[in-house]
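Participant: File name work.csv; file contents CSV, C-alpha atoms and all ligand atoms; full text below.
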chain,number,residue,atom,x,y,z
G,238,MET,CA,0.0,0.0,0.0
G,239,PHE,CA,1.2,3.5,-0.7
G,240,LYS,CA,-0.3,7.0,-0.7
G,241,LEU,CA,-1.0,9.4,-3.5
G,242,GLY,CA,-1.8,12.6,-1.7
G,243,ASP,CA,-4.7,11.6,0.6
G,244,TYR,CA,-5.6,8.5,-1.5
G,245,GLU,CA,-4.6,5.1,-0.1
G,246,ILE,CA,-3.6,3.0,-3.0
G,247,ASN,CA,-4.0,-0.7,-2.2
G,248,GLY,CA,-2.7,-2.4,-5.4
G,249,ARG,CA,0.6,-2.2,-7.2
G,250,VAL,CA,-0.6,-2.1,-10.8
G,251,ILE,CA,-1.4,1.1,-12.6
G,252,LEU,CA,-2.8,1.7,-16.0
G,253,ALA,CA,-0.2,3.7,-18.1
G,254,PRO,CA,-1.3,6.8,-20.0
G,255,MET,CA,-1.6,5.9,-23.7
G,256,ALA,CA,-2.7,8.3,-26.4
G,257,GLY,CA,-5.5,6.8,-28.5
G,258,TYR,CA,-6.3,4.2,-25.8
G,259,THR,CA,-6.8,5.4,-22.2
G,260,PHE,CA,-10.1,7.3,-22.7
G,261,HIS,CA,-12.8,6.8,-20.1
G,262,SER,CA,-14.3,3.5,-21.2
G,263,TYR,CA,-10.9,1.8,-21.6
G,264,ARG,CA,-9.9,3.0,-18.1
G,265,LYS,CA,-13.2,1.8,-16.7
G,266,PHE,CA,-12.8,-1.6,-18.3
G,267,MET,CA,-9.1,-2.0,-17.2
G,268,SER,CA,-9.8,-0.9,-13.6
G,269,LYS,CA,-12.3,-3.8,-13.3
G,270,PHE,CA,-9.3,-6.1,-13.7
G,271,GLY,CA,-7.5,-4.4,-10.8
G,272,ALA,CA,-5.7,-1.3,-12.0
G,273,SER,CA,-5.5,1.0,-8.9
G,274,ILE,CA,-4.8,4.3,-10.6
G,275,CYS,CA,-5.5,5.4,-14.2
G,276,TYR,CA,-4.3,8.3,-16.3
G,277,SER,CA,-6.1,10.1,-19.2
G,278,GLU,CA,-4.5,10.3,-22.6
G,279,MET,CA,-2.0,13.3,-22.8
G,280,VAL,CA,-3.7,16.6,-23.2
G,281,SER,CA,-2.1,19.8,-24.6
G,282,ASP,CA,-2.1,22.7,-22.2
G,283,MET,CA,-2.4,25.1,-25.2
G,284,GLY,CA,-5.3,23.1,-26.5
G,285,LEU,CA,-7.1,23.8,-23.3
G,286,ILE,CA,-6.1,27.4,-23.2
G,287,TYR,CA,-7.3,28.0,-26.7
G,288,ASP,CA,-10.6,26.2,-25.8
G,289,ASN,CA,-10.3,23.6,-28.4
G,290,ASP,CA,-13.4,21.4,-28.2
G,291,ASN,CA,-11.5,18.2,-29.0
G,292,THR,CA,-9.1,18.9,-26.2
G,293,ASN,CA,-11.8,19.6,-23.7
G,294,GLU,CA,-13.3,16.2,-24.4
G,295,TYR,CA,-10.2,14.5,-23.0
G,296,VAL,CA,-10.7,16.1,-19.6
G,297,ILE,CA,-14.5,15.7,-19.2
G,298,PHE,CA,-15.5,12.3,-18.0
G,299,PRO,CA,-17.7,10.7,-15.3
G,300,LYS,CA,-16.4,9.9,-11.9
G,301,GLU,CA,-14.4,6.7,-11.9
G,302,GLU,CA,-13.9,3.9,-9.4
G,303,VAL,CA,-10.2,4.5,-8.9
G,304,PRO,CA,-8.2,7.7,-8.8
G,305,VAL,CA,-7.8,9.2,-12.3
G,306,GLY,CA,-5.2,11.7,-13.3
G,307,VAL,CA,-5.4,14.1,-16.2
G,308,GLN,CA,-2.0,14.0,-18.0
G,309,LEU,CA,-1.0,17.4,-19.4
G,310,PHE,CA,1.8,18.2,-21.7
G,311,GLY,CA,3.4,21.6,-22.3
G,312,SER,CA,6.6,23.5,-21.7
G,313,GLU,CA,5.8,26.7,-19.8
G,314,PRO,CA,5.1,26.4,-16.1
G,315,GLU,CA,2.5,29.2,-16.2
G,316,ASN,CA,0.6,27.6,-19.1
G,317,LEU,CA,0.5,24.3,-17.4
G,318,ALA,CA,-0.8,26.0,-14.3
G,319,LYS,CA,-3.5,27.7,-16.4
G,320,ALA,CA,-4.4,24.4,-17.9
G,321,VAL,CA,-4.9,22.9,-14.5
G,322,GLY,CA,-7.3,25.8,-13.6
G,323,ILE,CA,-9.2,25.2,-16.8
G,324,CYS,CA,-9.6,21.5,-16.0
G,325,GLU,CA,-10.8,22.3,-12.5
G,326,GLY,CA,-13.5,24.5,-14.0
G,327,LEU,CA,-14.5,21.9,-16.6
G,328,ASN,CA,-14.6,18.7,-14.6
G,329,GLY,CA,-12.9,19.4,-11.2
G,330,LYS,CA,-14.9,17.0,-9.1
G,331,ASN,CA,-14.1,14.0,-11.3
G,332,ILE,CA,-10.3,14.6,-11.7
G,333,ASP,CA,-8.3,13.2,-8.8
G,334,PHE,CA,-4.8,14.3,-9.7
G,335,TYR,CA,-2.7,16.0,-12.4
G,336,ASP,CA,0.3,14.5,-14.2
G,337,VAL,CA,2.9,16.1,-16.4
G,338,ASN,CA,4.2,14.3,-19.4
G,339,MET,CA,8.0,14.7,-19.3
G,340,ALA,CA,8.5,11.4,-21.2
G,341,CYS,CA,7.0,11.6,-24.7
G,342,PRO,CA,9.7,11.3,-27.4
G,343,VAL,CA,7.5,12.1,-30.4
G,344,THR,CA,8.8,15.0,-32.4
G,345,LYS,CA,5.4,16.7,-32.6
G,346,VAL,CA,5.6,17.1,-28.8
G,347,THR,CA,9.3,17.6,-28.2
G,348,LYS,CA,9.7,20.3,-30.8
G,349,THR,CA,7.5,22.5,-28.7
G,350,GLY,CA,9.8,22.0,-25.7
G,351,ALA,CA,7.3,19.6,-24.1
G,352,GLY,CA,7.4,15.8,-23.2
G,353,SER,CA,10.9,14.4,-22.9
G,354,SER,CA,12.5,17.7,-24.1
G,355,LEU,CA,11.9,18.9,-20.5
G,356,LEU,CA,14.5,16.5,-19.2
G,357,LYS,CA,17.1,18.9,-20.7
G,358,GLU,CA,16.2,21.4,-18.0
G,359,PRO,CA,15.6,19.7,-14.6
G,360,LYS,CA,15.0,23.1,-13.0
G,361,ARG,CA,12.1,23.8,-15.4
G,362,CYS,CA,10.7,20.4,-14.4
G,363,GLY,CA,10.6,21.5,-10.8
G,364,ASP,CA,9.2,24.9,-11.7
G,365,ILE,CA,6.3,23.2,-13.6
G,366,ILE,CA,5.4,21.2,-10.5
G,367,ARG,CA,5.6,24.3,-8.3
G,368,ALA,CA,3.4,26.3,-10.6
G,369,MET,CA,0.7,23.5,-10.8
G,370,LYS,CA,0.7,22.9,-7.1
G,371,ALA,CA,0.1,26.6,-6.5
G,372,VAL,CA,-3.3,26.4,-8.3
G,373,THR,CA,-4.6,23.0,-7.0
G,374,SER,CA,-4.7,21.1,-3.8
G,375,LYS,CA,-4.9,17.8,-5.7
G,376,PRO,CA,-1.7,15.7,-6.1
G,377,VAL,CA,0.6,16.6,-8.9
G,378,THR,CA,2.7,13.8,-10.4
G,379,ALA,CA,5.2,13.5,-13.2
G,380,LYS,CA,6.2,10.8,-15.8
G,381,ILE,CA,9.8,10.9,-16.9
G,382,ARG,CA,12.4,8.8,-18.7
G,383,LEU,CA,16.0,7.9,-17.9
G,384,GLY,CA,17.2,10.9,-19.9
G,385,LEU,CA,17.4,12.0,-23.5
G,386,ASP,CA,20.0,9.4,-24.6
G,387,LYS,CA,22.4,7.1,-23.0
G,388,ASN,CA,25.0,9.9,-22.5
G,389,THR,CA,22.6,12.1,-20.6
G,390,THR,CA,20.7,9.8,-18.2
G,391,ASN,CA,20.0,12.5,-15.7
G,392,PHE,CA,16.9,11.0,-14.0
G,393,LEU,CA,18.4,11.4,-10.5
G,394,GLU,CA,18.8,15.1,-11.0
G,395,VAL,CA,15.3,15.4,-12.4
G,396,ILE,CA,13.9,13.4,-9.6
G,397,LYS,CA,15.6,15.6,-7.0
G,398,GLU,CA,14.2,18.8,-8.6
G,399,LEU,CA,10.7,17.3,-8.8
G,400,GLU,CA,10.8,16.2,-5.2
G,401,GLU,CA,12.1,19.6,-4.0
G,402,ALA,CA,9.1,21.1,-5.9
G,403,GLY,CA,6.7,18.9,-4.0
G,404,VAL,CA,5.8,16.3,-6.6
G,405,ASP,CA,3.5,13.6,-5.2
G,406,MET,CA,4.5,10.6,-7.2
G,407,ILE,CA,7.0,9.9,-10.1
G,408,ALA,CA,6.6,7.4,-12.8
G,409,ILE,CA,9.7,6.5,-14.8
G,410,HIS,CA,9.8,4.7,-18.2
G,411,ALA,CA,13.1,2.9,-18.0
G,412,ARG,CA,14.2,3.9,-21.5
G,413,THR,CA,15.9,7.0,-22.9
G,414,ALA,CA,13.9,9.3,-25.2
G,415,LYS,CA,16.1,8.3,-28.1
G,416,GLU,CA,15.1,4.6,-27.5
G,417,MET,CA,11.4,5.5,-28.1
G,418,TYR,CA,9.6,2.2,-27.3
G,419,MET,CA,12.2,-0.2,-28.5
G,420,GLY,CA,14.7,-2.5,-27.0
G,421,GLU,CA,15.0,-3.8,-23.4
G,422,PRO,CA,14.2,-1.3,-20.7
G,423,HIS,CA,17.2,-0.5,-18.4
G,424,PHE,CA,15.9,-1.6,-15.0
G,425,ASP,CA,19.5,-2.3,-14.0
G,426,LEU,CA,20.1,1.5,-14.0
G,427,LEU,CA,17.2,1.9,-11.6
G,428,LYS,CA,18.4,-0.7,-9.0
G,429,ASP,CA,17.0,0.2,-5.6
G,430,LEU,CA,15.9,3.6,-6.9
G,431,ARG,CA,13.0,3.8,-4.5
G,432,SER,CA,15.4,3.8,-1.5
G,433,LYS,CA,16.9,7.0,-2.8
G,434,MET,CA,13.5,8.7,-3.1
G,435,ASN,CA,10.9,10.4,-0.8
G,436,VAL,CA,7.8,9.9,-2.9
G,437,PRO,CA,6.1,6.9,-4.4
G,438,LEU,CA,7.8,5.5,-7.5
G,439,VAL,CA,6.1,3.8,-10.5
G,440,ILE,CA,8.1,1.8,-13.0
G,441,SER,CA,7.3,1.3,-16.7
G,442,GLY,CA,8.8,-0.6,-19.6
G,443,ASN,CA,8.0,-3.9,-21.4
G,444,ILE,CA,5.6,-5.2,-18.9
G,445,PHE,CA,4.1,-8.1,-20.9
G,446,THR,CA,3.9,-10.8,-18.3
G,447,ALA,CA,3.2,-10.9,-14.6
G,448,GLN,CA,6.8,-12.1,-14.1
G,449,ASP,CA,8.1,-9.0,-16.0
G,450,ALA,CA,6.3,-6.9,-13.4
G,451,VAL,CA,7.5,-8.8,-10.4
G,452,ASN,CA,11.1,-8.5,-11.7
G,453,ALA,CA,10.8,-4.8,-12.4
G,454,LEU,CA,9.4,-4.2,-8.9
G,455,SER,CA,12.0,-6.2,-7.1
G,456,ILE,CA,15.0,-4.6,-8.9
G,457,THR,CA,13.8,-1.0,-8.4
G,458,GLY,CA,11.9,-1.3,-5.1
G,459,ALA,CA,9.1,0.7,-6.9
G,460,ASP,CA,5.7,1.0,-5.2
G,461,ALA,CA,3.9,0.1,-8.4
G,462,VAL,CA,4.3,-1.0,-12.0
G,463,MET,CA,2.6,0.4,-15.1
G,464,VAL,CA,0.8,-1.7,-17.6
G,465,ALA,CA,0.8,-0.2,-21.1
G,466,ARG,CA,1.1,-2.1,-24.4
G,467,GLY,CA,1.0,-5.5,-22.6
G,468,GLY,CA,-2.5,-4.9,-21.3
G,469,VAL,CA,-4.1,-4.1,-24.7
G,470,GLY,CA,-6.2,-7.2,-25.4
G,471,ASN,CA,-4.9,-8.8,-22.3
G,472,PRO,CA,-6.6,-7.1,-19.4
G,473,MET,CA,-6.0,-10.2,-17.2
G,474,LEU,CA,-2.4,-9.2,-17.1
G,475,ILE,CA,-3.3,-6.7,-14.5
G,476,THR,CA,-5.1,-9.3,-12.4
G,477,ASN,CA,-2.3,-11.8,-12.9
G,478,ILE,CA,0.3,-9.3,-11.6
G,479,ASN,CA,-1.7,-8.7,-8.5
G,480,ARG,CA,-2.2,-12.5,-8.1
G,481,LEU,CA,1.5,-13.3,-8.6
G,482,LEU,CA,2.4,-10.6,-6.0
G,483,ASN,CA,0.0,-12.3,-3.6
G,484,GLY,CA,1.4,-15.8,-4.3
G,485,GLU,CA,-1.7,-16.9,-6.1
G,486,LYS,CA,-1.8,-18.9,-9.3
G,487,GLU,CA,-2.2,-16.9,-12.6
G,488,ILE,CA,-5.5,-17.1,-14.6
G,489,ASN,CA,-5.4,-18.1,-18.3
G,490,PRO,CA,-8.6,-16.8,-19.9
G,491,SER,CA,-10.2,-19.2,-22.4
G,492,LEU,CA,-11.2,-18.1,-26.0
G,493,GLU,CA,-14.8,-17.8,-24.8
G,494,GLU,CA,-13.7,-15.5,-22.0
G,495,GLN,CA,-11.6,-13.3,-24.3
G,496,MET,CA,-14.5,-13.0,-26.6
G,497,GLU,CA,-16.7,-11.8,-23.8
G,498,TYR,CA,-14.1,-9.3,-22.6
G,499,CYS,CA,-13.6,-8.1,-26.2
G,500,LYS,CA,-17.4,-7.5,-26.6
G,501,GLU,CA,-17.7,-5.9,-23.3
G,502,LEU,CA,-15.0,-3.3,-24.1
G,503,ALA,CA,-16.5,-2.7,-27.6
G,504,ARG,CA,-19.9,-2.0,-26.0
G,505,GLU,CA,-18.4,0.4,-23.5
G,506,ILE,CA,-16.4,2.3,-26.1
G,507,VAL,CA,-19.4,2.6,-28.4
G,508,GLU,CA,-21.5,3.8,-25.4
G,509,GLU,CA,-18.9,6.5,-24.7
G,510,LYS,CA,-17.9,7.6,-28.2
G,511,GLY,CA,-20.9,6.6,-30.3
G,512,GLU,CA,-20.7,3.8,-32.9
G,513,PHE,CA,-18.9,5.6,-35.7
G,514,ILE,CA,-15.9,6.9,-33.7
G,515,GLY,CA,-16.1,4.1,-31.1
G,516,ILE,CA,-15.7,1.3,-33.6
G,517,ARG,CA,-12.8,3.1,-35.3
G,518,LEU,CA,-11.0,3.3,-31.9
G,519,PHE,CA,-11.9,-0.3,-31.1
G,520,ARG,CA,-10.3,-1.6,-34.3
G,521,SER,CA,-6.8,-1.1,-32.9
G,522,ILE,CA,-7.6,-2.8,-29.7
G,523,GLY,CA,-10.1,-5.6,-30.6
G,524,PRO,CA,-7.8,-7.9,-32.6
G,525,ARG,CA,-5.3,-8.2,-29.7
G,526,PHE,CA,-7.7,-10.1,-27.6
G,527,PHE,CA,-7.1,-13.1,-29.9
G,528,ASN,CA,-3.3,-13.1,-30.0
G,529,GLY,CA,-2.1,-16.7,-29.7
G,530,PHE,CA,-5.4,-18.4,-30.4
G,531,PRO,CA,-5.6,-20.9,-33.2
G,532,TYR,CA,-6.4,-19.6,-36.7
G,533,SER,CA,-6.7,-16.1,-35.2
G,534,LYS,CA,-4.9,-14.3,-38.1
G,535,ALA,CA,-8.0,-14.3,-40.3
G,536,LEU,CA,-10.2,-13.3,-37.4
G,537,LYS,CA,-7.9,-10.4,-36.5
G,538,SER,CA,-7.9,-9.1,-40.0
G,539,ARG,CA,-11.7,-9.3,-40.2
G,540,ILE,CA,-12.0,-7.2,-37.0
G,541,VAL,CA,-9.6,-4.6,-38.4
G,542,SER,CA,-11.2,-4.4,-41.8
G,543,GLN,CA,-14.8,-5.5,-41.6
G,544,ILE,CA,-16.3,-4.1,-38.5
G,545,VAL,CA,-18.5,-1.0,-38.9
G,546,THR,CA,-21.0,-1.6,-36.1
G,547,TYR,CA,-21.1,-3.5,-32.8
G,548,ASP,CA,-23.4,-6.1,-34.4
G,549,ASP,CA,-20.7,-6.8,-37.0
G,550,LEU,CA,-18.3,-7.7,-34.2
G,551,GLU,CA,-20.8,-10.1,-32.7
G,552,ARG,CA,-21.4,-11.8,-36.0
G,553,ILE,CA,-17.7,-12.1,-36.9
G,554,LEU,CA,-17.0,-13.7,-33.4
G,555,ARG,CA,-20.0,-16.1,-33.8
G,556,GLU,CA,-18.7,-17.2,-37.2
G,557,TYR,CA,-15.2,-17.7,-35.9
G,558,LYS,CA,-16.6,-19.8,-33.0
G,559,ALA,CA,-18.7,-21.9,-35.4
G,560,ASP,CA,-15.7,-22.7,-37.5
G,561,GLU,CA,-15.0,-26.3,-36.6
G,562,LYS,CA,-11.2,-25.9,-37.1
G,563,ILE,CA,-10.9,-24.0,-33.9
G,564,LEU,CA,-12.8,-26.4,-31.7
N,601,LIG,C1,0.4,3.9,-28.3
N,601,LIG,C2,1.1,4.5,-27.1
N,601,LIG,C3,0.7,5.7,-26.6
N,601,LIG,C4,1.3,6.3,-25.5
N,601,LIG,N1,0.9,7.5,-25.0
N,601,LIG,C5,1.5,8.0,-23.9
N,601,LIG,C6,1.0,9.2,-23.3
N,601,LIG,O1,0.0,9.8,-23.8
N,601,LIG,N2,1.6,9.7,-22.2
N,601,LIG,C7,2.7,9.0,-21.6
N,601,LIG,O2,3.2,9.5,-20.6
N,601,LIG,N3,3.1,7.9,-22.1
N,601,LIG,C8,2.6,7.3,-23.2
N,601,LIG,N4,3.0,6.1,-23.7
N,601,LIG,C9,4.1,5.4,-23.0
N,601,LIG,C10,3.5,4.4,-22.0
N,601,LIG,O3,2.8,5.0,-21.0
N,601,LIG,C11,4.6,3.5,-21.4
N,601,LIG,O4,5.4,4.2,-20.6
N,601,LIG,C12,5.4,2.8,-22.5
N,601,LIG,O5,4.6,2.2,-23.5
N,601,LIG,C13,6.4,1.7,-21.9
N,601,LIG,O6,5.6,0.6,-21.4
N,601,LIG,P1,5.5,-0.8,-22.3
N,601,LIG,O7,6.9,-1.0,-22.8
N,601,LIG,O8,5.1,-1.7,-21.2
N,601,LIG,O9,4.5,-0.5,-23.3
N,601,LIG,C14,2.4,5.6,-24.9
N,601,LIG,C15,2.8,4.3,-25.4
N,601,LIG,C16,2.2,3.8,-26.5
N,601,LIG,C17,2.6,2.5,-27.0
What's the structure tokens form of this structure?
Facilitator:
Amino acid sequence: MFKLGDYEINGRVILAPMAGYTFHSYRKFMSKFGASICYSEMVSDMGLIYDNDNTNEYVIFPKEEVPVGVQLFGSEPENLAKAVGICEGLNGKNIDFYDVNMACPVTKVTKTGAGSSLLKEPKRCGDIIRAMKAVTSKPVTAKIRLGLDKNTTNFLEVIKELEEAGVDMIAIHARTAKEMYMGEPHFDLLKDLRSKMNVPLVISGNIFTAQDAVNALSITGADAVMVARGGVGNPMLITNINRLLNGEKEINPSLEEQMEYCKELAREIVEEKGEFIGIRLFRSIGPRFFNGFPYSKALKSRIVSQIVTYDDLERILREYKADEKIL
């Protein structure tokens, strides 16, 4: 158990922020499997300041079961603080904390000085946290990387600045910005990191099995681990990490169960986003429920290319199940 501000967090698995995925219905679905904290997709501070409708949509959602943070990206402390004020006005009662993205390596974000670009200036990272904390009493957290590249792994300096500024929790993706999402994460560089810190630590990078999570937690001493790509189509990963940590046997969902989870998520996305947008978003998630099942290649490509409505999904899954080859 650890604390995020006043929230007592009982589990050690957190749903990572993922643009294009971690909207309200996906978070709601994943928290049923045991995620103890969720984040929104990243939201531009300037989008909020310019009152862009699409941006506002990211921060307006119903109250959720577990603490949810809105993740902001930007480069100027005062603009990020302004964005927090705007979020409070739009949906204050349903937002439980604010996070700053200091990790995104994508050029569209870094060229504005945001995301992992901030790691170049540890002092600015601290100033951002200070400015945000001045306008909200809710916890303010940060997500960082090891550094920009392997010659500038300055995470210890960044963590020190963030802690001095009063940050409430730090998540670290154990890769450099240059490594993007590729290669092995460097948990070895983060050995016993938690013992050098004063606030809760969350660890991220290649968590695809429950054992991956247990290893990352034990090397770093982190309070919690983040599930990102590994949880897409495999929500039971979250349950299994919690089970393995409790010494319980992992659960291996059957095809039948994966079909039910897949349909449940599709229904929830359609309910949130409407059928037209909802099904388009679902197409990048749905096929992954069937990784590793027999003859799933054809099924996956039908889900990507042939689903226009929720009923199409039901029909395609029925036809797959009726195919005698898979029985
Ligand atoms: C499609 C995608 C979108 C992502 N979007 C965000 C984001 O909006 N904010 C963020 O801090 N990290 C984002 N990430 C990074 C993840 O939160 C996570 O740190 C990273 O994927 C490493 O974990 P993994 O190797 O287990 O996937 C994203 C990753 C992916 C694959």
Participant: Go through G:Met369, G:Tyr258, G:Ser268, G:Arg431 one by one, measure the shortest atom-to-atom distance of each to G:Thr476 using all atoms listed in the file, and give the residue with the smallest value.
Facilitator: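 Between G:Met369, G:Tyr258, G:Ser268, G:Arg431, the residue approaching G:Thr476 most closely is G:Ser268.
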Participant: Name each residue within 10 Å of ligand LIG 601 (chain N), counting only C-alpha atoms and all ligand atoms, as a ChimeraX atom specification.
Facilitator: /G:252-259,276-280,308-310,336-343,352-353,379-382,408-412,417-422,440-446,449-450,462-469,521
Participant: For a test of reading the model, state the distance in Å between atom CA of G:Glu301 and atom CA of G:Val404, rounded to one decimal.
Facilitator: 23.0 Å
Participant: Any idea what's packed within 9 Å of G:Asn391, counting all atoms listed in the file, ignoring anything in its chain fewer than 6 positions away? Could you give it as an NGL selection string?
Facilitator: :G and (356-357 or 359 or 382-385)
Participant: Looking at all atoms listed in the file, which of G:Asn328, G:Ser273, G:Ser354, G:Asn483 is the one that sits closest to G:Asn293?
Facilitator: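 Looking only at the distances to G:Asn293, the closest residue turns out to be G:Asn328.
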Participant: For atom CA of G:Phe266 and atom CA of G:Ile544, determine how far apart the two atoms are, in Å to one decimal place.
Facilitator: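 Answer for the atom CA of G:Phe266 to atom CA of G:Ile544 separation: 20.7 Å.
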Participant: Please provide as an mmCIF file with C-alpha atoms, keeping the file's coordinate frame all residues within 8 Å of G:Val436, with the sequence filter that same-chain residues fewer than 5 positions apart are discarded (counting all atoms listed in the file).
Facilitator:
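As a result, result07.cif now contains:
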data_model
loop_
_atom_site.group_PDB
_atom_site.id
_atom_site.type_symbol
_atom_site.label_atom_id
_atom_site.label_comp_id
_atom_site.auth_asym_id
_atom_site.auth_seq_id
_atom_site.Cartn_x
_atom_site.Cartn_y
_atom_site.Cartn_z
ATOM 1 C CA GLU G 400 10.800 16.200 -5.200
ATOM 2 C CA VAL G 404 5.800 16.300 -6.600
ATOM 3 C CA ASP G 405 3.500 13.600 -5.200
ATOM 4 C CA MET G 406 4.500 10.600 -7.200
ATOM 5 C CA ILE G 407 7.000 9.900 -10.100
#
